[in-house]
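Asker: Sharing work28.cif, mmCIF, C-alpha atoms (C1' of nucleotides):
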data_start
loop_
_atom_site.label_atom_id
_atom_site.label_comp_id
_atom_site.auth_asym_id
_atom_site.auth_seq_id
_atom_site.Cartn_x
_atom_site.Cartn_y
_atom_site.Cartn_z
CA MET A 25 -17.61 21.28 6.89
CA PRO A 26 -17.34 19.14 10.02
CA THR A 27 -14.04 17.44 10.61
CA LYS A 28 -15.52 13.97 10.38
CA ASP A 29 -16.96 14.65 6.94
CA ARG A 30 -13.73 16.21 5.77
CA LEU A 31 -11.90 13.09 6.87
CA ILE A 32 -14.31 10.80 5.05
CA ARG A 33 -14.26 12.78 1.85
CA THR A 34 -10.51 13.18 1.60
CA ALA A 35 -10.03 9.56 2.60
CA ALA A 36 -12.37 8.46 -0.17
CA GLU A 37 -10.53 10.63 -2.65
CA LEU A 38 -7.02 9.59 -1.65
CA PHE A 39 -7.74 5.90 -1.24
CA ARG A 40 -9.31 5.89 -4.62
CA ARG A 41 -6.24 7.41 -6.18
CA SER A 42 -3.55 5.41 -4.41
CA GLY A 43 -5.21 2.50 -2.70
CA TYR A 44 -5.60 1.82 0.98
CA ASN A 45 -1.95 1.08 1.55
CA GLY A 46 -0.76 3.87 -0.68
CA VAL A 47 -2.01 6.59 1.61
CA GLY A 48 -0.27 7.39 4.87
CA LEU A 49 -2.10 8.81 7.83
CA ASN A 50 0.04 11.92 7.82
CA GLU A 51 -0.67 12.63 4.19
CA LEU A 52 -4.34 12.05 4.74
CA LEU A 53 -4.55 14.24 7.83
CA THR A 54 -2.68 17.04 6.14
CA ALA A 55 -5.01 16.90 3.15
CA ALA A 56 -8.04 16.89 5.42
CA ASN A 57 -6.52 19.58 7.62
CA ALA A 58 -7.24 17.58 10.72
CA PRO A 59 -5.05 16.46 13.60
CA LYS A 60 -4.56 12.88 14.61
CA GLY A 61 -6.64 13.27 17.72
CA SER A 62 -9.73 13.99 15.68
CA LEU A 63 -9.25 10.95 13.51
CA TYR A 64 -9.06 8.62 16.48
CA HIS A 65 -11.92 10.39 18.17
CA HIS A 66 -14.31 9.91 15.27
CA PHE A 67 -12.90 6.55 14.22
CA PRO A 68 -11.65 4.71 17.30
CA ASN A 69 -10.31 1.88 15.19
CA GLY A 70 -8.30 4.22 13.07
CA LYS A 71 -7.51 3.71 9.44
CA PRO A 72 -9.67 0.63 8.82
CA ASP A 73 -12.74 2.34 10.29
CA LEU A 74 -12.13 5.38 8.18
CA ALA A 75 -11.74 3.25 5.08
CA LEU A 76 -15.08 1.56 5.66
CA ALA A 77 -16.78 4.93 6.12
CA ALA A 78 -15.10 6.35 3.04
CA ALA A 79 -16.15 3.40 0.91
CA THR A 80 -19.73 3.68 2.13
CA TRP A 81 -19.76 7.39 1.35
CA ALA A 82 -18.39 6.80 -2.14
CA SER A 83 -20.88 4.02 -2.71
CA ASP A 84 -23.76 6.29 -1.75
CA ARG A 85 -22.64 8.81 -4.32
CA MET A 86 -22.63 6.10 -6.93
CA LEU A 87 -26.12 5.02 -5.93
CA ARG A 88 -27.32 8.57 -6.37
CA MET A 89 -25.66 8.73 -9.77
CA ILE A 90 -27.47 5.60 -10.84
CA ALA A 91 -30.78 6.99 -9.64
CA VAL A 92 -30.24 10.31 -11.38
CA ALA A 93 -29.38 8.55 -14.63
CA TYR A 94 -32.27 6.10 -14.74
CA GLU A 95 -35.13 7.97 -13.08
CA PRO A 96 -35.85 10.35 -15.94
CA ALA A 97 -35.14 7.70 -18.58
CA SER A 98 -37.90 6.17 -20.64
CA SER A 99 -35.92 3.04 -21.43
CA PHE A 100 -33.10 1.11 -19.81
CA ALA A 101 -30.85 1.89 -22.75
CA GLU A 102 -31.47 5.60 -22.28
CA GLY A 103 -30.53 5.44 -18.60
CA THR A 104 -27.47 3.41 -19.42
CA GLN A 105 -26.42 6.01 -21.91
CA ALA A 106 -26.82 8.77 -19.32
CA LEU A 107 -24.89 6.88 -16.65
CA CYS A 108 -21.98 6.01 -18.92
CA ALA A 109 -21.74 9.57 -20.14
CA ARG A 110 -21.65 10.82 -16.57
CA LEU A 111 -18.99 8.30 -15.57
CA ALA A 112 -16.91 9.26 -18.57
CA GLU A 113 -17.15 12.91 -17.55
CA ILE A 114 -15.98 12.09 -14.06
CA PHE A 115 -13.16 10.02 -15.46
CA ASP A 116 -12.03 12.84 -17.71
CA ARG A 117 -12.14 15.34 -14.87
CA SER A 118 -10.09 13.09 -12.61
CA GLY A 119 -6.42 12.47 -13.27
CA LYS A 120 -7.48 9.44 -15.30
CA TRP A 121 -5.74 7.33 -12.76
CA ASP A 122 -8.30 6.76 -10.02
CA GLY A 123 -9.79 3.33 -9.66
CA CYS A 124 -13.11 2.03 -8.50
CA PRO A 125 -13.61 3.70 -5.11
CA ILE A 126 -14.65 0.46 -3.49
CA SER A 127 -12.02 -1.90 -4.77
CA SER A 128 -9.20 0.62 -4.28
CA THR A 129 -10.28 1.22 -0.73
CA LEU A 130 -11.38 -2.19 0.46
CA PHE A 131 -9.66 -4.78 -1.70
CA GLU A 132 -6.25 -3.39 -0.91
CA GLY A 133 -6.27 -3.29 2.84
CA PRO A 134 -5.67 -6.18 5.19
CA ASP A 135 -7.25 -9.28 3.67
CA ASN A 136 -9.80 -8.88 6.31
CA GLU A 137 -13.21 -10.49 6.10
CA ALA A 138 -14.88 -7.32 7.34
CA PHE A 139 -13.47 -5.40 4.39
CA ARG A 140 -14.42 -8.05 1.88
CA SER A 141 -17.98 -8.44 3.08
CA HIS A 142 -18.48 -4.70 3.22
CA ALA A 143 -17.29 -4.44 -0.38
CA ALA A 144 -19.68 -7.22 -1.36
CA HIS A 145 -22.51 -5.44 0.40
CA LEU A 146 -21.85 -2.15 -1.37
CA TYR A 147 -21.56 -3.83 -4.76
CA GLU A 148 -24.84 -5.61 -4.21
CA GLY A 149 -26.35 -2.22 -3.47
CA TRP A 150 -25.31 -0.94 -6.89
CA ILE A 151 -26.57 -4.02 -8.62
CA SER A 152 -29.88 -4.03 -6.80
CA GLU A 153 -30.42 -0.34 -7.57
CA ALA A 154 -29.77 -1.02 -11.25
CA THR A 155 -31.99 -4.08 -11.10
CA GLN A 156 -34.92 -2.02 -9.81
CA HIS A 157 -34.61 0.43 -12.67
CA ALA A 158 -34.23 -2.37 -15.20
CA LYS A 159 -37.38 -3.99 -13.89
CA ARG A 160 -39.32 -0.73 -13.93
CA LEU A 161 -38.21 -0.01 -17.47
CA GLY A 162 -39.37 -3.36 -18.76
CA VAL A 163 -36.17 -5.35 -19.10
CA LYS A 164 -37.03 -9.05 -19.18
CA THR A 165 -34.16 -10.27 -16.99
CA PRO A 166 -33.42 -7.32 -14.78
CA GLN A 167 -31.03 -9.01 -12.38
CA ALA A 168 -28.86 -10.62 -15.05
CA THR A 169 -28.86 -7.39 -17.02
CA ALA A 170 -27.80 -5.35 -14.02
CA GLU A 171 -25.00 -7.77 -13.20
CA GLU A 172 -23.73 -7.77 -16.73
CA PHE A 173 -23.80 -4.00 -16.81
CA PHE A 174 -21.90 -3.91 -13.52
CA MET A 175 -19.18 -6.13 -14.92
CA LEU A 176 -18.91 -4.14 -18.11
CA ILE A 177 -18.57 -0.88 -16.22
CA GLN A 178 -15.84 -2.29 -14.02
CA GLY A 179 -13.96 -3.54 -17.05
CA ALA A 180 -14.50 -0.43 -19.10
CA TRP A 181 -13.23 1.77 -16.30
CA GLN A 182 -10.12 -0.37 -16.01
CA LEU A 183 -9.50 -0.17 -19.73
CA SER A 184 -10.09 3.56 -19.74
CA ARG A 185 -7.57 3.89 -16.95
CA ALA A 186 -4.92 1.95 -18.83
CA ARG A 187 -5.52 3.84 -22.05
CA ARG A 188 -6.04 7.17 -20.34
CA SER A 189 -9.10 7.65 -22.46
CA SER A 190 -12.76 7.67 -21.57
CA ALA A 191 -13.59 6.09 -24.94
CA PRO A 192 -14.24 2.59 -23.56
CA LEU A 193 -16.70 4.03 -21.05
CA ARG A 194 -18.43 6.09 -23.69
CA ALA A 195 -18.71 3.10 -26.00
CA LEU A 196 -20.38 0.95 -23.38
CA PRO A 197 -24.01 1.80 -24.16
CA THR A 198 -23.76 0.35 -27.65
CA ILE A 199 -22.43 -2.91 -26.25
CA VAL A 200 -25.08 -3.15 -23.57
CA ARG A 201 -27.89 -2.26 -25.94
CA ARG A 202 -26.83 -4.99 -28.33
CA GLY A 203 -27.57 -7.77 -25.89
CA VAL A 204 -30.07 -6.48 -23.42
CA GLY A 205 -32.22 -3.75 -24.92
CA THR A 206 -35.60 -2.72 -23.62
CA GLY A 207 -37.01 -6.16 -23.40
CA ASP A 208 -35.79 -8.20 -26.32
CA GLY A 209 -34.22 -11.59 -25.92
CA ASN A 210 -31.68 -12.08 -23.19
CA SER A 211 -30.96 -15.20 -21.16
CA MET B 21 15.34 -22.05 -9.34
CA PRO B 22 17.54 -19.00 -9.82
CA THR B 23 17.17 -16.22 -7.30
CA LYS B 24 16.00 -13.73 -9.90
CA ASP B 25 13.14 -15.99 -10.98
CA ARG B 26 12.20 -16.69 -7.39
CA LEU B 27 12.01 -12.97 -6.78
CA ILE B 28 9.81 -12.37 -9.79
CA ARG B 29 7.44 -15.20 -9.01
CA THR B 30 6.94 -14.42 -5.37
CA ALA B 31 6.63 -10.73 -6.17
CA ALA B 32 3.92 -11.48 -8.70
CA GLU B 33 2.11 -13.63 -6.19
CA LEU B 34 2.34 -11.23 -3.27
CA PHE B 35 1.59 -8.07 -5.24
CA ARG B 36 -1.44 -9.75 -6.65
CA ARG B 37 -2.71 -10.62 -3.23
CA SER B 38 -2.00 -7.37 -1.42
CA GLY B 39 -1.17 -4.77 -4.02
CA TYR B 40 2.10 -3.02 -4.65
CA ASN B 41 2.00 -0.99 -1.48
CA GLY B 42 0.68 -3.82 0.61
CA VAL B 43 3.86 -5.84 0.37
CA GLY B 44 6.99 -4.87 2.24
CA LEU B 45 10.44 -5.70 0.95
CA ASN B 46 11.22 -7.73 4.04
CA GLU B 47 8.11 -9.84 3.66
CA LEU B 48 8.85 -10.34 0.00
CA LEU B 49 12.48 -11.28 0.51
CA THR B 50 11.61 -13.71 3.27
CA ALA B 51 9.01 -15.38 1.06
CA ALA B 52 11.47 -15.58 -1.82
CA ASN B 53 14.24 -16.69 0.52
CA ALA B 54 16.60 -14.09 -0.88
CA PRO B 55 18.71 -11.41 0.75
CA LYS B 56 18.43 -7.74 -0.01
CA GLY B 57 21.70 -7.68 -1.85
CA SER B 58 20.36 -10.04 -4.49
CA LEU B 59 17.27 -7.95 -5.06
CA TYR B 60 19.28 -4.83 -5.73
CA HIS B 61 21.77 -6.76 -7.78
CA HIS B 62 19.13 -8.07 -10.18
CA PHE B 63 16.89 -5.03 -10.01
CA PRO B 64 19.04 -1.95 -9.51
CA ASN B 65 15.99 0.27 -9.22
CA GLY B 66 14.52 -1.88 -6.50
CA LYS B 67 10.85 -2.39 -5.89
CA PRO B 68 9.51 -0.60 -8.99
CA ASP B 69 11.77 -2.62 -11.29
CA LEU B 70 10.73 -5.81 -9.64
CA ALA B 71 7.07 -4.87 -9.97
CA LEU B 72 7.41 -4.29 -13.70
CA ALA B 73 9.14 -7.64 -14.13
CA ALA B 74 6.53 -9.40 -12.02
CA ALA B 75 3.67 -7.89 -14.00
CA THR B 76 5.29 -8.90 -17.28
CA TRP B 77 5.77 -12.42 -16.02
CA ALA B 78 2.15 -12.66 -14.89
CA SER B 79 0.97 -11.23 -18.17
CA ASP B 80 2.92 -13.85 -20.11
CA ARG B 81 1.20 -16.58 -18.15
CA MET B 82 -2.14 -15.08 -19.03
CA LEU B 83 -1.19 -14.94 -22.69
CA ARG B 84 -0.31 -18.60 -22.59
CA MET B 85 -3.63 -19.38 -20.92
CA ILE B 86 -5.49 -17.58 -23.68
CA ALA B 87 -3.55 -19.49 -26.33
CA VAL B 88 -4.15 -22.82 -24.64
CA ALA B 89 -7.88 -22.12 -24.38
CA TYR B 90 -8.49 -20.94 -27.94
CA GLU B 91 -6.02 -22.95 -29.99
CA PRO B 92 -7.84 -26.27 -29.82
CA ALA B 93 -11.26 -24.63 -30.02
CA SER B 94 -13.40 -24.89 -33.10
CA SER B 95 -15.38 -21.77 -32.30
CA PHE B 96 -14.79 -18.60 -30.36
CA ALA B 97 -17.52 -19.56 -27.93
CA GLU B 98 -15.78 -22.85 -27.23
CA GLY B 99 -12.50 -21.12 -26.47
CA THR B 100 -14.25 -18.61 -24.27
CA GLN B 101 -15.85 -21.43 -22.36
CA ALA B 102 -12.47 -23.08 -21.83
CA LEU B 103 -10.78 -19.86 -20.71
CA CYS B 104 -13.51 -18.93 -18.26
CA ALA B 105 -13.51 -22.41 -16.79
CA ARG B 106 -9.76 -22.25 -16.31
CA LEU B 107 -9.92 -18.81 -14.71
CA ALA B 108 -12.65 -20.00 -12.36
CA GLU B 109 -10.47 -22.94 -11.36
CA ILE B 110 -7.58 -20.63 -10.60
CA PHE B 111 -9.86 -18.37 -8.65
CA ASP B 112 -11.17 -21.25 -6.58
CA ARG B 113 -7.69 -22.50 -5.86
CA SER B 114 -6.50 -19.09 -4.75
CA GLY B 115 -7.72 -17.58 -1.53
CA LYS B 116 -10.49 -15.94 -3.54
CA TRP B 117 -8.96 -12.65 -2.66
CA ASP B 118 -6.32 -12.07 -5.31
CA GLY B 119 -6.96 -9.40 -7.90
CA CYS B 120 -5.94 -8.93 -11.48
CA PRO B 121 -2.16 -9.40 -11.44
CA ILE B 122 -1.59 -6.33 -13.55
CA SER B 123 -3.85 -3.83 -11.86
CA SER B 124 -2.84 -4.95 -8.37
CA THR B 125 0.80 -4.62 -9.22
CA LEU B 126 0.90 -1.58 -11.46
CA PHE B 127 -2.16 0.53 -10.68
CA GLU B 128 -1.31 0.68 -7.00
CA GLY B 129 2.25 1.88 -7.05
CA PRO B 130 3.43 5.42 -7.51
CA ASP B 131 1.18 7.13 -10.04
CA ASN B 132 4.04 6.84 -12.34
CA GLU B 133 3.67 7.09 -16.10
CA ALA B 134 6.05 4.16 -16.59
CA PHE B 135 3.76 1.92 -14.58
CA ARG B 136 0.64 3.08 -16.34
CA SER B 137 2.01 2.68 -19.83
CA HIS B 138 3.41 -0.74 -19.01
CA ALA B 139 0.00 -1.81 -17.76
CA ALA B 140 -1.60 -0.48 -20.93
CA HIS B 141 0.95 -2.37 -23.01
CA LEU B 142 0.28 -5.65 -21.24
CA TYR B 143 -3.47 -5.25 -21.48
CA GLU B 144 -3.21 -4.58 -25.18
CA GLY B 145 -1.24 -7.80 -25.43
CA TRP B 146 -4.13 -9.76 -23.97
CA ILE B 147 -6.65 -8.06 -26.18
CA SER B 148 -4.60 -8.51 -29.31
CA GLU B 149 -4.06 -12.19 -28.54
CA ALA B 150 -7.80 -12.66 -28.11
CA THR B 151 -8.44 -10.64 -31.25
CA GLN B 152 -6.24 -12.96 -33.30
CA HIS B 153 -8.15 -16.00 -32.12
CA ALA B 154 -11.49 -14.30 -32.68
CA LYS B 155 -10.47 -13.45 -36.22
CA ARG B 156 -9.22 -16.96 -36.91
CA LEU B 157 -12.43 -18.46 -35.56
CA GLY B 158 -14.61 -16.37 -37.78
CA VAL B 159 -15.93 -13.69 -35.46
CA LYS B 160 -17.16 -10.76 -37.53
CA THR B 161 -15.80 -7.99 -35.30
CA PRO B 162 -12.80 -9.56 -33.63
CA GLN B 163 -11.36 -6.44 -32.02
CA ALA B 164 -14.64 -5.26 -30.49
CA THR B 165 -15.41 -8.77 -29.36
CA ALA B 166 -12.04 -9.17 -27.71
CA GLU B 167 -12.36 -5.84 -25.92
CA GLU B 168 -15.81 -6.65 -24.68
CA PHE B 169 -14.62 -9.99 -23.44
CA PHE B 170 -11.71 -8.32 -21.69
CA MET B 171 -14.05 -5.96 -19.87
CA LEU B 172 -16.42 -8.72 -18.88
CA ILE B 173 -13.61 -10.83 -17.48
CA GLN B 174 -12.29 -7.93 -15.44
CA GLY B 175 -15.73 -7.24 -14.06
CA ALA B 176 -16.58 -10.86 -13.46
CA TRP B 177 -13.37 -11.43 -11.56
CA GLN B 178 -14.11 -8.43 -9.39
CA LEU B 179 -17.61 -9.68 -8.67
CA SER B 180 -16.32 -13.15 -7.94
CA ARG B 181 -13.87 -11.67 -5.52
CA ALA B 182 -16.54 -9.73 -3.67
CA ARG B 183 -18.88 -12.69 -3.51
CA ARG B 184 -16.13 -15.21 -2.88
CA SER B 185 -17.64 -17.37 -5.55
CA SER B 186 -16.42 -18.28 -8.99
CA ALA B 187 -20.01 -18.32 -10.25
CA PRO B 188 -19.81 -14.98 -12.10
CA LEU B 189 -16.72 -16.18 -13.94
CA ARG B 190 -18.35 -19.48 -14.81
CA ALA B 191 -21.47 -17.74 -16.06
CA LEU B 192 -19.54 -15.49 -18.41
CA PRO B 193 -19.61 -17.71 -21.51
CA THR B 194 -23.39 -17.56 -21.70
CA ILE B 195 -23.29 -13.77 -21.59
CA VAL B 196 -20.59 -13.50 -24.22
CA ARG B 197 -22.25 -16.02 -26.50
CA ARG B 198 -25.50 -14.11 -26.35
CA GLY B 199 -24.10 -11.07 -28.06
CA VAL B 200 -21.09 -12.14 -30.02
CA GLY B 201 -21.32 -15.78 -31.03
CA THR B 202 -19.41 -17.29 -33.90
CA GLY B 203 -20.28 -14.64 -36.35
CA ASP B 204 -23.79 -13.38 -35.78
CA GLY B 205 -24.62 -9.74 -35.45
CA ASN B 206 -22.45 -7.54 -33.34
CA SER B 207 -21.57 -3.89 -33.80
"C1'" DA C 17 47.64 -19.68 -7.60
"C1'" DT C 18 45.50 -15.49 -8.55
"C1'" DA C 19 42.63 -12.22 -10.61
"C1'" DT C 20 37.94 -11.00 -12.15
"C1'" DG C 21 33.07 -10.76 -12.12
"C1'" DT C 22 28.69 -12.36 -10.80
"C1'" DG C 23 26.00 -12.94 -7.15
"C1'" DT C 24 24.98 -13.39 -1.87
"C1'" DG C 25 24.40 -12.24 2.98
"C1'" DG C 26 23.00 -8.99 6.04
"C1'" DA C 27 24.24 -4.92 8.98
"C1'" DC C 28 22.83 -0.46 8.85
"C1'" DC C 29 20.21 3.91 7.77
"C1'" DA C 30 16.93 7.90 7.59
"C1'" DA C 31 12.23 8.38 6.85
"C1'" DT C 32 7.74 7.04 7.49
"C1'" DT C 33 4.19 4.07 9.17
"C1'" DG C 34 -0.13 3.41 12.12
"C1'" DG C 35 -1.17 4.19 16.68
"C1'" DT C 36 -1.29 6.02 21.78
"C1'" DC C 37 -1.75 9.43 25.08
"C1'" DT C 38 -2.36 13.62 27.46
"C1'" DA C 39 -3.18 18.49 27.80
"C1'" DG C 40 -6.10 21.63 26.39
"C1'" DT C 41 -10.21 24.09 23.90
"C1'" DC C 42 -14.87 24.77 23.02
"C1'" DC C 43 -19.70 24.34 23.57
"C1'" DT C 44 -23.79 23.19 26.22
"C1'" DG C 45 -26.79 22.58 30.20
"C1'" DT C 46 -27.51 23.81 34.79
"C1'" DA D 10 -20.05 30.24 37.26
"C1'" DC D 11 -18.87 25.85 36.43
"C1'" DA D 12 -19.17 20.96 35.38
"C1'" DG D 13 -18.86 17.59 31.73
"C1'" DG D 14 -18.70 15.90 27.41
"C1'" DA D 15 -17.30 16.45 22.58
"C1'" DC D 16 -13.60 17.56 20.03
"C1'" DT D 17 -8.83 19.30 18.73
"C1'" DA D 18 -3.91 19.56 18.89
"C1'" DG D 19 0.27 17.41 18.40
"C1'" DA D 20 4.22 15.29 20.95
"C1'" DC D 21 5.67 10.85 21.18
"C1'" DC D 22 6.36 5.76 20.20
"C1'" DA D 23 7.82 1.13 18.50
"C1'" DA D 24 7.79 -1.07 14.23
"C1'" DT D 25 8.49 -1.13 9.55
"C1'" DT D 26 9.50 0.98 5.20
"C1'" DG D 27 12.54 1.16 0.90
"C1'" DG D 28 17.24 1.70 0.18
"C1'" DT D 29 22.62 1.75 0.68
"C1'" DC D 30 26.75 -0.41 1.39
"C1'" DC D 31 30.37 -3.54 1.87
"C1'" DA D 32 32.53 -7.88 3.01
"C1'" DC D 33 32.31 -12.19 1.26
"C1'" DA D 34 31.48 -16.69 -1.54
"C1'" DC D 35 32.21 -19.06 -5.71
"C1'" DA D 36 32.79 -19.70 -10.06
"C1'" DT D 37 35.77 -19.35 -14.40
"C1'" DA D 38 39.94 -17.78 -16.86
"C1'" DT D 39 44.63 -17.04 -16.93
#
How would this structure read if it were set down as structure tokens?
Answerer:
Amino acid sequence: MPTKDRLIRTAAELFRRSGYNGVGLNELLTAANAPKGSLYHHFPNGKPDLALAAATWASDRMLRMIAVAYEPASSFAEGTQALCARLAEIFDRSGKWDGCPISSTLFEGPDNEAFRSHAAHLYEGWISEATQHAKRLGVKTPQATAEEFFMLIQGAWQLSRARRSSAPLRALPTIVRRGVGTGDGNS
Amino acid sequence: MPTKDRLIRTAAELFRRSGYNGVGLNELLTAANAPKGSLYHHFPNGKPDLALAAATWASDRMLRMIAVAYEPASSFAEGTQALCARLAEIFDRSGKWDGCPISSTLFEGPDNEAFRSHAAHLYEGWISEATQHAKRLGVKTPQATAEEFFMLIQGAWQLSRARRSSAPLRALPTIVRRGVGTGDGNS
DNA sequence: ATATGTGTGGACCAATTGGTCTAGTCCTGT
DNA sequence: ACAGGACTAGACCAATTGGTCCACACATAT
């Protein structure tokens, strides 16, 4: 695997586990098996550049997960079920300590506007992807539904992390279905 | 104000803004106007000790906010409305960058079991406080309702942070009311 | 007055941080 | 063959990190 990709992947992984400030360049470079020269060749602005790339990479994975969950589904609830199950699996396979890849990576760094707006952009990507599927699957208020689902996932992940149990994530579909099923009343 | 309290308060504030690893001891001590000797006098284990104390202090404030919001309310929805409005105010007054005081402080540090379990303990405190009020105000499934509300608040705060707008927080009550009003059907 | 204990002030430390820079390697096109 | 760019390797740097340590202030108690 090319050095640049190795850097991005390990950065995404480490930042997610320990936050932007919790990962030193040395640690990161050792884990990626890359020398400093390569880092500053591929990312002239160093750590911040790498963090942006890592967050984008992680976000793309999430987008693909959303697509994979909803595309074969015949209702929004079904896709939601699939996505939550997949997230719970990932959570269980991780050390049950990792956070949201975007917030850990971008909300921790310098309180830099570039970081914040990039995070906003990536989050909107998730929400808009979910909105498309909601619309296609006949949800009456796709945007509001997608946003609510986004919030619930963020919160459920946090709670799972604290409790070291994927139960909150797994229980999410029943909560979502209650309010925003396949087209019944929602604001 | 006693030095120890000054340390706790400024630590809570700074950790919340920049995360555990994003705040250096020098920066913290300057902000608290305290010398290093005092820190290690009051908190023999240094930064980690201080972080635990700061998180506890922040959590107590949150507990009080929950109580203040729900005690005078005549329905769970009313209390929820009050709490969300108050949180939105706080968000708007802050730099719109601060995170959840507990996750910023405890989920960022060393992936230490003491930190994790303390975070879990504090979160359970919030949920149990909300559960009590839900029960008192006649919600059918107080525990589930409180947990759902917890998750939504976490997610809404995150979204508000990304968008730099308190709108998601302010919109929360309508979402919560939809599914879990003052006693109508919820799982 | 003098002893005791709590708390303060800050010099000092090794280790680590993010970052720079240069010498060299490797591949490609000519 | 060789020129030139892409890339690697890592020594080196100033600044900062969390932490230790001790001399000192200032109470209260005797």
Asker: Would you kindly return, as an MDAnalysis selection string, each protein, DNA or RNA residue with an atom no farther than 7 Å from any atom of stretch 25-39 of chain C, considering only C-alpha atoms (C1' of nucleotides) and excluding same-chain residues fewer than 5 positions away?
Answerer: (chainID B and resid 55) or (chainID D and resid 25:26)
Asker: Hey, what comes out of the PyMOL selection byres ((chain A and resi 107) around 9) on this file? Could you write it as a list in words?
Answerer: Met89, Ile90, Val92, Ala93, Tyr94, Glu102, Gly103, Thr104, Gln105, Ala106, Cys108, Ala109, Arg110, Leu111 and Ala112 of chain A
Asker: Evaluate the PyMOL selection byres ((chain A and resi 150) around 12) here and jot the selected residues down as a ChimeraX atom specification.
Answerer: /A:80,82-91,126,143-149,151-157,167,170-171,173-175,177-178 /B:179
Asker: For the provided coordinates, the residues matched by the PyMOL selection byres ((chain B) within 10 of (chain C)) should be stated as JSON, numbers by chain.
Answerer: {"B": [23, 54, 55, 56, 57, 58, 59, 61, 62]}
Asker: Residues of chain D that have any atom at most 12 Å from an atom of chain B: could you tabulate them with the shortest-distance atom pair and the distance in Å to one decimal, using all atoms listed in the file, ordered by chain and increasing number, as JSON lines?
Answerer:
{"residue": "D:DT25", "atom": "C1'", "partner": "B:Gly44", "partner_atom": "CA", "distance": 8.3}
{"residue": "D:DT26", "atom": "C1'", "partner": "B:Gly44", "partner_atom": "CA", "distance": 7.0}
{"residue": "D:DG27", "atom": "C1'", "partner": "B:Leu45", "partner_atom": "CA", "distance": 7.2}
{"residue": "D:DG28", "atom": "C1'", "partner": "B:Gly66", "partner_atom": "CA", "distance": 8.1}
{"residue": "D:DT29", "atom": "C1'", "partner": "B:Tyr60", "partner_atom": "CA", "distance": 9.8}
{"residue": "D:DC30", "atom": "C1'", "partner": "B:Gly57", "partner_atom": "CA", "distance": 9.4}
{"residue": "D:DC31", "atom": "C1'", "partner": "B:Gly57", "partner_atom": "CA", "distance": 10.3}
{"residue": "D:DA32", "atom": "C1'", "partner": "B:Gly57", "partner_atom": "CA", "distance": 11.9}
{"residue": "D:DC33", "atom": "C1'", "partner": "B:Gly57", "partner_atom": "CA", "distance": 11.9}
Asker: Could you state the separation of atom CA of B:Thr125 and atom CA of B:Ala182 in Å, given to one decimal place?
Answerer: 18.9 Å
Asker: Could you pull the residues within 9 Å of A:Arg41, counting only C-alpha atoms (C1' of nucleotides), minus those fewer than 2 positions along the same chain, as a ChimeraX atom specification?
Answerer: /A:36-39,43,46-47,119,121-123,125,128 /B:128,131
Asker: Can you work out which one of B:Pro92, B:Asp112, B:Asn53, B:Ala74 has the shortest atom-to-atom distance to B:Trp177, counting all atoms listed in the file?
Answerer: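 Of B:Pro92, B:Asp112, B:Asn53, B:Ala74, the one nearest B:Trp177 is B:Asp112, counting all atoms listed in the file.
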Asker: Figure out the distance between atom CA of A:Arg140 and atom CA of A:Phe67, please, to one decimal in Å.
Answerer: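 Answer for the atom CA of A:Phe67 to atom CA of A:Arg140 separation: 19.2 Å.
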Asker: Between A:Lys159, A:Leu53, A:Pro166, A:Ser42, which one has atoms that come closest to chain B, using all atoms listed in the file?
Answerer: A:Ser42
Asker: State, in Å with one decimal place, the distance from atom CA of A:Phe115 to atom CA of A:Ser190.
Answerer: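 For atom CA of A:Phe115 relative to atom CA of A:Ser190, the distance reads 6.6 Å.
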Asker: Counting only C-alpha atoms, figure out which residue out of B:Cys120, B:Val159, B:Ala51, B:Ala154 gets nearest to chain A.
Answerer: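 Looking only at the distances to chain A, the closest residue turns out to be B:Cys120.
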